[in-house]
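structure.txt follows; it contains compact mmCIF, C-alpha atoms and all ligand atoms.
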```
# COMPACT_ATOMS: atom_id res chain seq x y z
CA MET H 1 86.00 114.78 115.52
CA SER H 2 82.91 114.59 113.28
CA ARG H 3 82.48 111.89 110.69
CA GLN H 4 82.58 114.53 107.93
CA LYS H 5 86.01 115.66 109.08
CA VAL H 6 87.49 112.20 108.93
CA GLU H 7 85.61 111.05 105.80
CA ASN H 8 88.52 111.91 103.55
CA LEU H 9 91.04 109.97 105.62
CA PHE H 10 91.87 106.25 105.27
CA THR H 11 89.14 103.67 104.82
CA TYR H 12 89.48 99.89 104.76
CA PRO H 13 87.59 97.77 102.20
CA GLU H 14 88.17 94.76 104.46
CA TYR H 15 86.30 96.50 107.29
CA PRO H 16 83.36 98.42 105.80
CA GLY H 17 82.59 101.50 107.83
CA CYS H 18 86.03 101.67 109.44
CA ILE H 19 88.07 104.83 109.20
CA ASP H 20 91.57 105.36 110.51
CA ILE H 21 92.51 108.72 111.96
CA ARG H 22 95.79 109.64 113.54
CA VAL H 23 96.18 111.43 116.81
CA LEU H 24 99.73 112.63 117.38
CA GLY H 25 100.85 110.03 114.81
CA ARG H 26 99.13 107.20 116.68
CA PRO H 27 96.51 105.33 114.67
CA LEU H 28 92.98 105.21 116.04
CA LEU H 29 90.18 103.29 114.38
CA LEU H 30 86.62 104.60 114.10
CA THR H 31 83.82 102.36 113.00
CA GLU H 32 80.12 102.59 112.24
CA ASN H 33 79.69 98.92 111.51
CA PRO H 34 78.41 97.07 114.64
CA ARG H 35 80.32 93.96 113.57
CA ASP H 36 83.53 95.90 113.83
CA PHE H 37 82.92 97.76 117.09
CA GLU H 38 85.32 95.50 118.87
CA LEU H 39 88.04 96.81 116.58
CA ALA H 40 87.52 100.41 117.62
CA GLY H 41 90.51 101.75 119.45
CA LYS H 42 92.79 98.96 118.23
CA VAL H 43 95.98 100.18 116.68
CA LEU H 44 96.58 99.88 112.95
CA PRO H 45 98.97 96.89 113.09
CA ASP H 46 95.98 94.61 113.84
CA LEU H 47 94.36 95.31 110.48
CA PRO H 48 95.01 93.07 107.47
CA LEU H 49 97.92 94.09 105.30
CA LYS H 50 97.82 94.23 101.53
CA PRO H 51 100.26 92.14 99.46
CA PHE H 52 103.16 94.22 98.20
CA LEU H 53 104.07 91.70 95.46
CA LYS H 54 101.67 90.97 92.61
CA TRP H 55 101.87 87.21 92.38
CA PRO H 56 100.32 84.62 90.04
CA GLY H 57 97.65 82.66 91.89
CA GLY H 58 97.54 85.28 94.69
CA LYS H 59 94.76 84.59 97.20
CA ARG H 60 93.69 88.09 98.15
CA TRP H 61 90.35 87.40 96.49
CA LEU H 62 89.87 84.31 98.66
CA VAL H 63 90.43 86.03 102.00
CA GLN H 64 88.00 88.73 100.94
CA ARG H 65 85.42 86.29 99.59
CA ALA H 66 85.62 83.60 102.26
CA PRO H 67 87.30 85.00 105.40
CA ALA H 68 85.67 82.25 107.50
CA PHE H 69 88.20 79.74 106.14
CA PHE H 70 90.90 81.67 107.96
CA GLU H 71 89.14 82.35 111.24
CA GLN H 72 91.21 79.84 113.15
CA THR H 73 92.91 79.84 116.46
CA TYR H 74 96.43 78.51 116.42
CA ASP H 75 99.80 78.81 118.09
CA ARG H 76 101.68 79.04 114.80
CA TYR H 77 100.74 79.94 111.25
CA VAL H 78 102.58 77.94 108.56
CA GLU H 79 102.62 78.71 104.83
CA PRO H 80 105.06 76.72 102.64
CA PHE H 81 104.02 78.27 99.27
CA LEU H 82 104.25 81.92 100.30
CA GLY H 83 104.36 83.78 96.93
CA GLY H 84 102.74 87.20 97.42
CA GLY H 85 101.65 86.13 100.91
CA ALA H 86 98.06 87.43 100.63
CA VAL H 87 96.76 85.11 103.35
CA TYR H 88 99.76 85.57 105.63
CA LEU H 89 99.46 89.35 105.39
CA TYR H 90 95.71 89.18 105.93
CA ASN H 91 96.06 87.04 109.06
CA ARG H 92 99.03 88.90 110.54
CA PRO H 93 100.05 85.93 112.71
CA ARG H 94 102.19 86.64 115.76
CA ASN H 95 104.16 83.45 115.22
CA ALA H 96 104.80 82.08 111.74
CA LEU H 97 106.87 79.70 109.66
CA VAL H 98 106.78 80.63 105.97
CA GLY H 99 108.75 79.63 102.89
CA ASP H 100 108.95 79.32 99.15
CA VAL H 101 111.22 77.57 96.68
CA ASN H 102 111.60 80.75 94.61
CA PRO H 103 114.78 82.62 95.65
CA ASP H 104 113.43 85.99 94.47
CA VAL H 105 110.40 85.67 96.73
CA ILE H 106 112.53 84.83 99.75
CA CYS H 107 115.04 87.58 98.95
CA VAL H 108 112.25 90.17 99.05
CA TYR H 109 110.79 88.95 102.37
CA ASN H 110 114.20 88.75 104.05
CA ALA H 111 115.17 92.24 102.94
CA MET H 112 111.75 93.60 103.86
CA ARG H 113 112.19 92.20 107.35
CA SER H 114 115.65 93.66 107.92
CA SER H 115 115.72 96.82 105.78
CA TRP H 116 112.33 98.12 104.69
CA ARG H 117 113.53 101.72 104.70
CA GLY H 118 116.34 100.84 102.29
CA ILE H 119 113.89 99.13 99.93
CA LEU H 120 111.56 102.11 100.01
CA SER H 121 114.32 104.57 99.19
CA GLU H 122 115.58 102.33 96.36
CA LEU H 123 112.03 102.13 94.97
CA ARG H 124 111.71 105.92 95.13
CA ARG H 125 114.93 106.13 93.13
CA HIS H 126 113.50 103.71 90.55
CA GLN H 127 110.26 105.75 90.46
CA ILE H 128 112.16 108.91 89.51
CA ARG H 129 114.22 107.15 86.86
CA HIS H 130 111.43 104.91 85.54
CA SER H 131 111.42 104.69 81.71
CA GLU H 132 111.72 102.00 79.07
CA HIS H 133 115.50 102.36 79.12
CA HIS H 134 115.67 102.18 82.93
CA TYR H 135 113.37 99.14 83.08
CA TYR H 136 115.58 97.09 80.75
CA ALA H 137 118.78 98.30 82.43
CA VAL H 138 117.41 97.15 85.80
CA ARG H 139 116.17 93.89 84.30
CA ASP H 140 119.71 93.18 83.01
CA ALA H 141 121.42 94.17 86.24
CA GLU H 142 122.57 91.67 88.86
CA PRO H 143 123.02 93.58 92.10
CA HIS H 144 124.77 91.78 94.94
CA ASP H 145 123.49 93.94 97.76
CA ALA H 146 120.41 92.32 99.34
CA VAL H 147 118.39 95.56 99.51
CA GLU H 148 119.15 96.51 95.89
CA LYS H 149 118.29 92.98 94.85
CA ALA H 150 114.92 93.08 96.62
CA ALA H 151 114.12 96.56 95.29
CA ARG H 152 114.98 95.39 91.76
CA ILE H 153 112.56 92.45 92.07
CA LEU H 154 109.78 94.70 93.41
CA TYR H 155 110.40 97.36 90.76
CA LEU H 156 110.19 94.78 87.96
CA ASN H 157 107.16 93.11 89.57
CA ARG H 158 105.29 96.42 89.67
CA THR H 159 106.14 97.67 86.19
CA CYS H 160 106.46 94.53 84.06
CA PHE H 161 103.86 93.28 81.59
CA ASN H 162 100.74 92.22 83.51
CA GLY H 163 102.75 91.55 86.67
CA ILE H 164 103.86 88.22 85.20
CA TYR H 165 106.74 86.33 86.82
CA ARG H 166 108.80 84.40 84.28
CA VAL H 167 112.48 83.49 84.17
CA ASN H 168 114.62 81.94 81.43
CA ARG H 169 116.57 78.69 81.75
CA ASN H 170 119.30 80.51 83.66
CA GLY H 171 116.81 81.84 86.17
CA LYS H 172 116.96 85.38 84.73
CA PHE H 173 113.72 87.42 84.78
CA ASN H 174 112.66 88.02 81.17
CA VAL H 175 109.23 89.69 81.18
CA PRO H 176 108.96 92.84 79.00
CA LYS H 177 107.97 96.25 80.35
CA GLY H 178 104.26 96.75 80.96
CA THR H 179 102.03 99.80 80.98
CA LYS H 180 101.93 100.49 84.72
CA ASP H 181 104.21 103.26 85.90
CA SER H 182 103.62 103.32 89.67
CA VAL H 183 106.62 102.00 91.54
CA VAL H 184 105.70 103.29 94.99
CA PHE H 185 102.04 102.95 96.02
CA PRO H 186 100.36 105.38 98.43
CA ASP H 187 99.12 102.48 100.56
CA ASP H 188 102.47 100.66 100.80
CA ASN H 189 103.03 99.88 104.45
CA PHE H 190 106.49 98.31 104.46
CA GLU H 191 107.06 99.22 108.09
CA ALA H 192 104.05 97.14 109.22
CA VAL H 193 105.12 94.28 106.93
CA SER H 194 108.61 94.42 108.39
CA ASN H 195 107.24 94.42 111.96
CA LEU H 196 105.09 91.42 111.13
CA LEU H 197 108.03 89.54 109.59
CA GLN H 198 110.04 89.94 112.81
CA ALA H 199 107.78 87.20 114.19
CA ALA H 200 108.34 84.83 111.26
CA VAL H 201 110.87 82.18 110.39
CA ILE H 202 111.44 82.51 106.64
CA LEU H 203 112.89 79.54 104.76
CA HIS H 204 114.02 79.12 101.18
CA CYS H 205 113.16 75.48 100.62
CA ASP H 206 110.87 72.87 99.15
CA PHE H 207 107.44 72.65 100.83
CA GLU H 208 108.11 69.22 102.28
CA GLU H 209 110.78 70.55 104.61
CA ILE H 210 108.25 72.94 106.14
CA VAL H 211 105.21 70.64 106.15
CA SER H 212 107.23 67.92 107.86
CA ARG H 213 107.77 70.29 110.84
CA CYS H 214 104.02 70.80 111.39
CA GLY H 215 101.92 69.28 114.14
CA ALA H 216 99.56 70.18 116.99
CA GLY H 217 98.92 73.91 117.37
CA ASP H 218 99.79 74.69 113.75
CA PHE H 219 97.45 76.15 111.16
CA LEU H 220 98.97 75.04 107.85
CA PHE H 221 97.83 76.90 104.75
CA ALA H 222 99.11 75.38 101.47
CA ASP H 223 98.52 77.08 98.12
CA PRO H 224 100.63 75.19 95.56
CA PRO H 225 100.80 75.91 91.84
CA TYR H 226 97.83 74.12 90.32
CA THR H 227 98.66 70.95 88.42
CA VAL H 228 96.32 68.11 87.48
CA ARG H 229 96.94 64.59 86.19
CA HIS H 230 96.83 64.14 82.44
CA ASN H 231 93.57 62.38 81.62
CA ASN H 232 94.43 61.50 78.01
CA ASN H 233 91.72 63.85 76.77
CA GLY H 234 94.06 66.70 76.03
CA PHE H 235 93.54 68.26 79.47
CA ILE H 236 96.37 70.69 80.03
CA LYS H 237 98.65 69.82 82.91
CA TYR H 238 98.49 73.38 84.18
CA ASN H 239 101.75 74.59 85.65
CA GLU H 240 103.39 71.21 85.34
CA LYS H 241 106.79 72.77 84.75
CA LEU H 242 106.52 74.58 88.07
CA PHE H 243 104.96 71.76 90.01
CA SER H 244 104.80 68.26 88.61
CA TRP H 245 102.11 65.67 89.20
CA SER H 246 104.49 63.81 91.48
CA ASP H 247 104.87 67.04 93.52
CA GLN H 248 101.06 67.05 93.91
CA GLN H 249 101.19 63.46 95.14
CA ARG H 250 104.06 64.31 97.50
CA LEU H 251 102.06 67.24 98.85
CA ALA H 252 98.99 65.10 99.56
CA VAL H 253 101.12 62.59 101.49
CA ALA H 254 102.86 65.36 103.46
CA LEU H 255 99.59 67.17 104.32
CA SER H 256 97.96 63.92 105.43
CA ALA H 257 100.89 63.20 107.74
CA ALA H 258 100.75 66.77 109.15
CA HIS H 259 97.02 66.37 109.79
CA ARG H 260 97.67 63.10 111.64
CA ARG H 261 100.27 64.86 113.80
CA GLY H 262 97.57 67.33 114.85
CA ALA H 263 97.96 70.27 112.41
CA ASN H 264 94.89 72.01 111.01
CA VAL H 265 95.36 71.91 107.26
CA LEU H 266 93.78 74.17 104.67
CA CYS H 267 94.87 73.63 101.06
CA THR H 268 93.63 75.40 97.93
CA ASN H 269 94.02 73.51 94.70
CA ALA H 270 92.74 72.88 91.19
CA ASP H 271 89.14 71.72 91.23
CA HIS H 272 89.80 68.49 89.37
CA GLU H 273 88.90 64.89 90.07
CA SER H 274 92.55 63.81 89.92
CA VAL H 275 93.40 66.20 92.78
CA ARG H 276 90.34 65.23 94.87
CA ALA H 277 91.34 61.59 94.54
CA LEU H 278 94.65 62.29 96.29
CA TYR H 279 92.95 63.21 99.59
CA ASP H 280 91.37 60.70 101.96
CA PRO H 281 87.76 61.85 102.59
CA GLY H 282 88.09 60.36 106.08
CA LEU H 283 90.76 62.97 106.89
CA PHE H 284 89.75 65.91 104.72
CA GLU H 285 86.52 67.65 103.75
CA MET H 286 86.36 69.33 100.37
CA SER H 287 84.43 72.32 99.09
CA THR H 288 84.66 74.65 96.13
CA VAL H 289 84.85 78.41 95.79
CA THR H 290 84.14 80.12 92.49
CA ARG H 291 85.69 83.29 91.29
CA PHE H 292 85.38 85.49 88.28
CA SER H 293 88.56 85.90 86.31
CA SER H 294 89.39 88.17 83.41
CA ILE H 295 92.60 87.02 81.80
CA SER H 296 92.99 89.53 78.99
CA GLY H 297 89.93 91.69 79.51
CA ALA H 298 88.37 90.35 76.32
CA ALA H 299 84.80 89.14 76.91
CA ALA H 300 85.58 85.67 75.56
CA SER H 301 88.29 85.10 78.14
CA ARG H 302 86.23 86.20 81.15
CA ARG H 303 85.10 83.13 83.01
CA HIS H 304 84.08 81.81 86.33
CA PHE H 305 86.66 79.47 87.79
CA SER H 306 86.03 76.97 90.49
CA GLU H 307 88.80 76.22 92.99
CA LEU H 308 89.02 73.37 95.43
CA VAL H 309 89.42 73.94 99.18
CA ILE H 310 90.66 70.91 101.14
CA ARG H 311 90.33 71.15 104.93
CA SER H 312 91.23 68.95 107.89
CA ARG H 313 88.13 67.10 108.99
CA GLY H 314 87.24 67.46 112.69
CA ARG H 315 89.64 70.35 113.06
CA HIS H 316 91.77 70.16 116.16
CA ALA H 317 90.85 72.59 118.91
C1 LIG H 401 100.06 79.86 93.84
S1 LIG H 401 101.56 80.56 94.40
C2 LIG H 401 101.17 81.04 96.04
C3 LIG H 401 100.45 82.35 96.02
C4 LIG H 401 100.18 82.91 97.41
N1 LIG H 401 99.24 82.10 98.14
C5 LIG H 401 99.65 84.34 97.30
O1 LIG H 401 98.58 84.66 97.83
O2 LIG H 401 100.35 85.16 96.66
C6 LIG H 401 102.55 79.14 94.62
C7 LIG H 401 103.95 79.42 95.15
O3 LIG H 401 104.56 78.13 95.37
C8 LIG H 401 105.95 78.24 95.11
N2 LIG H 401 106.45 76.87 94.86
C9 LIG H 401 106.40 76.14 93.72
N3 LIG H 401 106.93 74.93 93.92
C10 LIG H 401 107.30 74.86 95.22
C11 LIG H 401 107.89 73.86 96.04
N4 LIG H 401 108.21 72.65 95.55
N5 LIG H 401 108.12 74.13 97.35
C12 LIG H 401 107.82 75.36 97.87
N6 LIG H 401 107.27 76.37 97.12
C13 LIG H 401 107.00 76.11 95.83
C14 LIG H 401 106.03 79.18 93.93
O4 LIG H 401 107.29 79.80 93.88
C15 LIG H 401 104.89 80.17 94.23
O5 LIG H 401 105.37 81.30 94.91
```
Take the structure from the file and write it as structure tokens.
Ligand SMILES: C[S@@+](CC[C@H](N)C(=O)[O-])C[C@H]1O[C@@H](n2cnc3c(N)ncnc32)[C@H](O)[C@@H]1O
Amino acid sequence: MSRQKVENLFTYPEYPGCIDIRVLGRPLLLTENPRDFELAGKVLPDLPLKPFLKWPGGKRWLVQRAPAFFEQTYDRYVEPFLGGGAVYLYNRPRNALVGDVNPDVICVYNAMRSSWRGILSELRRHQIRHSEHHYYAVRDAEPHDAVEKAARILYLNRTCFNGIYRVNRNGKFNVPKGTKDSVVFPDDNFEAVSNLLQAAVILHCDFEEIVSRCGAGDFLFADPPYTVRHNNNGFIKYNEKLFSWSDQQRLAVALSAAHRRGANVLCTNADHESVRALYDPGLFEMSTVTRFSSISGAAASRRHFSELVIRSRGRHA
């Protein structure tokens, strides 16, 4: 088939020059980029997946900007602050231990693993009925069925104001409707996500329970909510309600112990001296990555942010 004929088929921003065509329903990858020749002929499930949840602090930008951080060999991939799972979905590990303390997050992953078709058909139903009235009716609802629950969370996540996640004191989602109306995306690939999740242990727990299980052969990626120590200069303790300063201290102790047991640790965090001071430079090397962020779209709020990357020194082979 000529390049012109396949031009209008699927292309992958992660792999410039790669085009996916299907022969009798079987994916086949074409590439013009020499770097990606080795991918030619591989089936689609080996390509990075896109997050299906829009999540605060999502790291899709990081895997695109600095993929080298994640080019690791390991027996098991471990991610205790899963959220939207951008790095997990990018890496597509064949053996994983993942978790999050947020029950909504875990509900979605569990249902996606067991019943992706059910979620997709529920989302299609929400798409047809989507309106202001429907949004608030769904927001108020408390389904008991796991698939309906997961579809409700995804529906709200995709149509709420700015994709924010916020709950009231009773744990009830309370973000108003936003301007986005797409509930089902053309590039949703729930089947591939579900297949990937078959090879994962998914836990609803505090990070320490997961980190304490890590050792040799594990690649441990930790992306906590960013919190810094109050420096008495009015510095905002960003996200302190979600993750206190003592949680940050607990994390540093747990990651250091995991490193000593032989795990390769990679942690993203707030680029702040208080956070750097928690990590022993004899165990960890630190670098920064900057990114451009537009919070409201207004010129004044567009800024470059610097984030800290903390990595096991002398990474274990
Ligand atoms: C910055 S987000 C992770 C984003 C993720 N890397 C992504 O790409 O979407 C941090 C996550 O940590 C979770 N979290 C907060 N406190 C936690 C704790 N004590 N133990 C485990 N997870 C926690 C939050 O629910 C949230 O999903």
Residues of chain H that approach ligand LIG 401 (chain H) to 9 Å or less, counting only C-alpha atoms and all ligand atoms: could you list each one with the shortest pair of atoms and its distance in Å to one decimal, rows by chain and increasing residue number, as JSON lines?
```
{"residue": "H:Pro51", "atom": "CA", "partner": "H:LIG401", "partner_atom": "O2", "distance": 7.5}
{"residue": "H:Leu53", "atom": "CA", "partner": "H:LIG401", "partner_atom": "O2", "distance": 7.6}
{"residue": "H:Lys54", "atom": "CA", "partner": "H:LIG401", "partner_atom": "O2", "distance": 7.2}
{"residue": "H:Trp55", "atom": "CA", "partner": "H:LIG401", "partner_atom": "O2", "distance": 5.0}
{"residue": "H:Pro56", "atom": "CA", "partner": "H:LIG401", "partner_atom": "S1", "distance": 6.1}
{"residue": "H:Gly57", "atom": "CA", "partner": "H:LIG401", "partner_atom": "C1", "distance": 4.2}
{"residue": "H:Gly58", "atom": "CA", "partner": "H:LIG401", "partner_atom": "O1", "distance": 3.4}
{"residue": "H:Lys59", "atom": "CA", "partner": "H:LIG401", "partner_atom": "O1", "distance": 3.9}
{"residue": "H:Arg60", "atom": "CA", "partner": "H:LIG401", "partner_atom": "O1", "distance": 6.0}
{"residue": "H:Trp61", "atom": "CA", "partner": "H:LIG401", "partner_atom": "O1", "distance": 8.8}
{"residue": "H:Leu62", "atom": "CA", "partner": "H:LIG401", "partner_atom": "O1", "distance": 8.8}
{"residue": "H:Glu79", "atom": "CA", "partner": "H:LIG401", "partner_atom": "N1", "distance": 8.2}
{"residue": "H:Pro80", "atom": "CA", "partner": "H:LIG401", "partner_atom": "C12", "distance": 5.7}
{"residue": "H:Phe81", "atom": "CA", "partner": "H:LIG401", "partner_atom": "O3", "distance": 3.9}
{"residue": "H:Leu82", "atom": "CA", "partner": "H:LIG401", "partner_atom": "C4", "distance": 5.1}
{"residue": "H:Gly83", "atom": "CA", "partner": "H:LIG401", "partner_atom": "O5", "distance": 3.4}
{"residue": "H:Gly84", "atom": "CA", "partner": "H:LIG401", "partner_atom": "O2", "distance": 3.2}
{"residue": "H:Gly85", "atom": "CA", "partner": "H:LIG401", "partner_atom": "C5", "distance": 4.5}
{"residue": "H:Ala86", "atom": "CA", "partner": "H:LIG401", "partner_atom": "O1", "distance": 4.0}
{"residue": "H:Val87", "atom": "CA", "partner": "H:LIG401", "partner_atom": "O1", "distance": 5.8}
{"residue": "H:Tyr88", "atom": "CA", "partner": "H:LIG401", "partner_atom": "O1", "distance": 7.9}
{"residue": "H:Leu89", "atom": "CA", "partner": "H:LIG401", "partner_atom": "O1", "distance": 8.9}
{"residue": "H:Gly99", "atom": "CA", "partner": "H:LIG401", "partner_atom": "C12", "distance": 6.7}
{"residue": "H:Asp100", "atom": "CA", "partner": "H:LIG401", "partner_atom": "N6", "distance": 4.0}
{"residue": "H:Val101", "atom": "CA", "partner": "H:LIG401", "partner_atom": "N6", "distance": 4.2}
{"residue": "H:Asn102", "atom": "CA", "partner": "H:LIG401", "partner_atom": "O4", "distance": 4.5}
{"residue": "H:Pro103", "atom": "CA", "partner": "H:LIG401", "partner_atom": "O4", "distance": 8.2}
{"residue": "H:Asp104", "atom": "CA", "partner": "H:LIG401", "partner_atom": "O4", "distance": 8.7}
{"residue": "H:Val105", "atom": "CA", "partner": "H:LIG401", "partner_atom": "O5", "distance": 6.9}
{"residue": "H:His204", "atom": "CA", "partner": "H:LIG401", "partner_atom": "C12", "distance": 8.0}
{"residue": "H:Cys205", "atom": "CA", "partner": "H:LIG401", "partner_atom": "C12", "distance": 6.0}
{"residue": "H:Asp206", "atom": "CA", "partner": "H:LIG401", "partner_atom": "N5", "distance": 3.5}
{"residue": "H:Phe207", "atom": "CA", "partner": "H:LIG401", "partner_atom": "N5", "distance": 3.8}
{"residue": "H:Glu208", "atom": "CA", "partner": "H:LIG401", "partner_atom": "N5", "distance": 7.0}
{"residue": "H:Glu209", "atom": "CA", "partner": "H:LIG401", "partner_atom": "N5", "distance": 8.5}
{"residue": "H:Ile210", "atom": "CA", "partner": "H:LIG401", "partner_atom": "C12", "distance": 8.6}
{"residue": "H:Phe221", "atom": "CA", "partner": "H:LIG401", "partner_atom": "N1", "distance": 8.5}
{"residue": "H:Ala222", "atom": "CA", "partner": "H:LIG401", "partner_atom": "N1", "distance": 7.5}
{"residue": "H:Asp223", "atom": "CA", "partner": "H:LIG401", "partner_atom": "N1", "distance": 5.1}
{"residue": "H:Pro224", "atom": "CA", "partner": "H:LIG401", "partner_atom": "C6", "distance": 4.5}
{"residue": "H:Pro225", "atom": "CA", "partner": "H:LIG401", "partner_atom": "C1", "distance": 4.5}
{"residue": "H:Tyr226", "atom": "CA", "partner": "H:LIG401", "partner_atom": "C1", "distance": 7.1}
{"residue": "H:Leu242", "atom": "CA", "partner": "H:LIG401", "partner_atom": "C9", "distance": 5.9}
{"residue": "H:Phe243", "atom": "CA", "partner": "H:LIG401", "partner_atom": "N3", "distance": 5.4}
{"residue": "H:Ser244", "atom": "CA", "partner": "H:LIG401", "partner_atom": "N3", "distance": 8.8}
{"residue": "H:Asp247", "atom": "CA", "partner": "H:LIG401", "partner_atom": "N4", "distance": 6.8}
{"residue": "H:Leu251", "atom": "CA", "partner": "H:LIG401", "partner_atom": "N4", "distance": 8.8}
{"residue": "H:Thr268", "atom": "CA", "partner": "H:LIG401", "partner_atom": "N1", "distance": 8.7}
{"residue": "H:Asn269", "atom": "CA", "partner": "H:LIG401", "partner_atom": "C1", "distance": 8.8}
```
C-alpha atoms of the current selection, written as a tab-separated table (two decimals), in the frame of the given file:
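Saved result, result-v8.tsv, follows:
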```
chain	number	residue	atom	x	y	z
H	51	PRO	CA	100.26	92.14	99.46
H	53	LEU	CA	104.07	91.70	95.46
H	54	LYS	CA	101.67	90.97	92.61
H	55	TRP	CA	101.87	87.21	92.38
H	56	PRO	CA	100.32	84.62	90.04
H	57	GLY	CA	97.65	82.66	91.89
H	58	GLY	CA	97.54	85.28	94.69
H	59	LYS	CA	94.76	84.59	97.20
H	60	ARG	CA	93.69	88.09	98.15
H	61	TRP	CA	90.35	87.40	96.49
H	62	LEU	CA	89.87	84.31	98.66
H	79	GLU	CA	102.62	78.71	104.83
H	80	PRO	CA	105.06	76.72	102.64
H	81	PHE	CA	104.02	78.27	99.27
H	82	LEU	CA	104.25	81.92	100.30
H	83	GLY	CA	104.36	83.78	96.93
H	84	GLY	CA	102.74	87.20	97.42
H	85	GLY	CA	101.65	86.13	100.91
H	86	ALA	CA	98.06	87.43	100.63
H	87	VAL	CA	96.76	85.11	103.35
H	88	TYR	CA	99.76	85.57	105.63
H	89	LEU	CA	99.46	89.35	105.39
H	99	GLY	CA	108.75	79.63	102.89
H	100	ASP	CA	108.95	79.32	99.15
H	101	VAL	CA	111.22	77.57	96.68
H	102	ASN	CA	111.60	80.75	94.61
H	103	PRO	CA	114.78	82.62	95.65
H	104	ASP	CA	113.43	85.99	94.47
H	105	VAL	CA	110.40	85.67	96.73
H	204	HIS	CA	114.02	79.12	101.18
H	205	CYS	CA	113.16	75.48	100.62
H	206	ASP	CA	110.87	72.87	99.15
H	207	PHE	CA	107.44	72.65	100.83
H	208	GLU	CA	108.11	69.22	102.28
H	209	GLU	CA	110.78	70.55	104.61
H	210	ILE	CA	108.25	72.94	106.14
H	221	PHE	CA	97.83	76.90	104.75
H	222	ALA	CA	99.11	75.38	101.47
H	223	ASP	CA	98.52	77.08	98.12
H	224	PRO	CA	100.63	75.19	95.56
H	225	PRO	CA	100.80	75.91	91.84
H	226	TYR	CA	97.83	74.12	90.32
H	242	LEU	CA	106.52	74.58	88.07
H	243	PHE	CA	104.96	71.76	90.01
H	244	SER	CA	104.80	68.26	88.61
H	247	ASP	CA	104.87	67.04	93.52
H	251	LEU	CA	102.06	67.24	98.85
H	268	THR	CA	93.63	75.40	97.93
H	269	ASN	CA	94.02	73.51	94.70
```
Just the residues within 7 Å of H:Leu308, please, counting only C-alpha atoms, with nothing from its chain fewer than 4 positions along; format it as an NGL selection string.
-> :H and (268-271 or 286-289)
Who sits within 8 Å of H:Ala263, all atoms listed in the file, same chain under 5 positions skipped, as a VMD selection string | chain H and resid 214 to 220 258 316
Can you tell me, as number ranges by chain, what residues are no more than 6 Å from stretch 157-168 of chain H when counting all atoms listed in the file, ignoring any on the same chain fewer than 5 positions away?
-> H: 173-174, 176-178, 180-181
Based on the selection just made, write C-alpha atoms of those residues as a compact mmCIF listing (two decimals), in the coordinates of the input.
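To be explicit, this is the file written out as out-v9.txt:
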```txt
# COMPACT_ATOMS: atom_id res chain seq x y z
CA PHE H 173 113.72 87.42 84.78
CA ASN H 174 112.66 88.02 81.17
CA PRO H 176 108.96 92.84 79.00
CA LYS H 177 107.97 96.25 80.35
CA GLY H 178 104.26 96.75 80.96
CA LYS H 180 101.93 100.49 84.72
CA ASP H 181 104.21 103.26 85.90
```
Might you pull out every residue within 7 Å of H:Thr290, with all atoms listed in the file counted and same-chain residues fewer than 5 positions away left off, and present them as a ChimeraX atom specification?
-> /H:304-307
Can you list, as a ChimeraX atom specification, every protein, DNA or RNA residue that comes within 7 Å of stretch 187-200 of chain H when you count all atoms listed in the file, leaving out same-chain residues fewer than 2 positions away?
-> /H:45,52,92,94-98,112-113,116,185,202
What separates atom CA of H:Glu285 and atom CA of H:Phe69 is a distance of 12.4 Å
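Note that the spacing between atom CA of H:Ala151 and atom CA of H:Ser121 amounts to 8.9 Å.
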What does the distance from atom CA of H:Val265 to atom CA of H:Gln248 come to in Å, to one decimal?
->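 Answer for the atom CA of H:Val265 to atom CA of H:Gln248 separation: 15.3 Å.
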Closest of H:Ala68, H:Val228, H:Val309, H:Val211 to H:Arg261 - atom-to-atom distances counting all atoms listed in the file |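 The answer is H:Val211, which sits nearest to H:Arg261.
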Selected residue, from H:Glu148, H:Leu156, H:Ser274, H:Ala257, that lies nearest to H:Glu132 when counting all atoms listed in the file =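 Smallest distance to H:Glu132 is found for H:Leu156.
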Of the candidates H:Arg129, H:Leu203, H:Arg76, H:Arg139, which one gets nearest to H:Cys107 if we count all atoms listed in the file?
-> H:Leu203
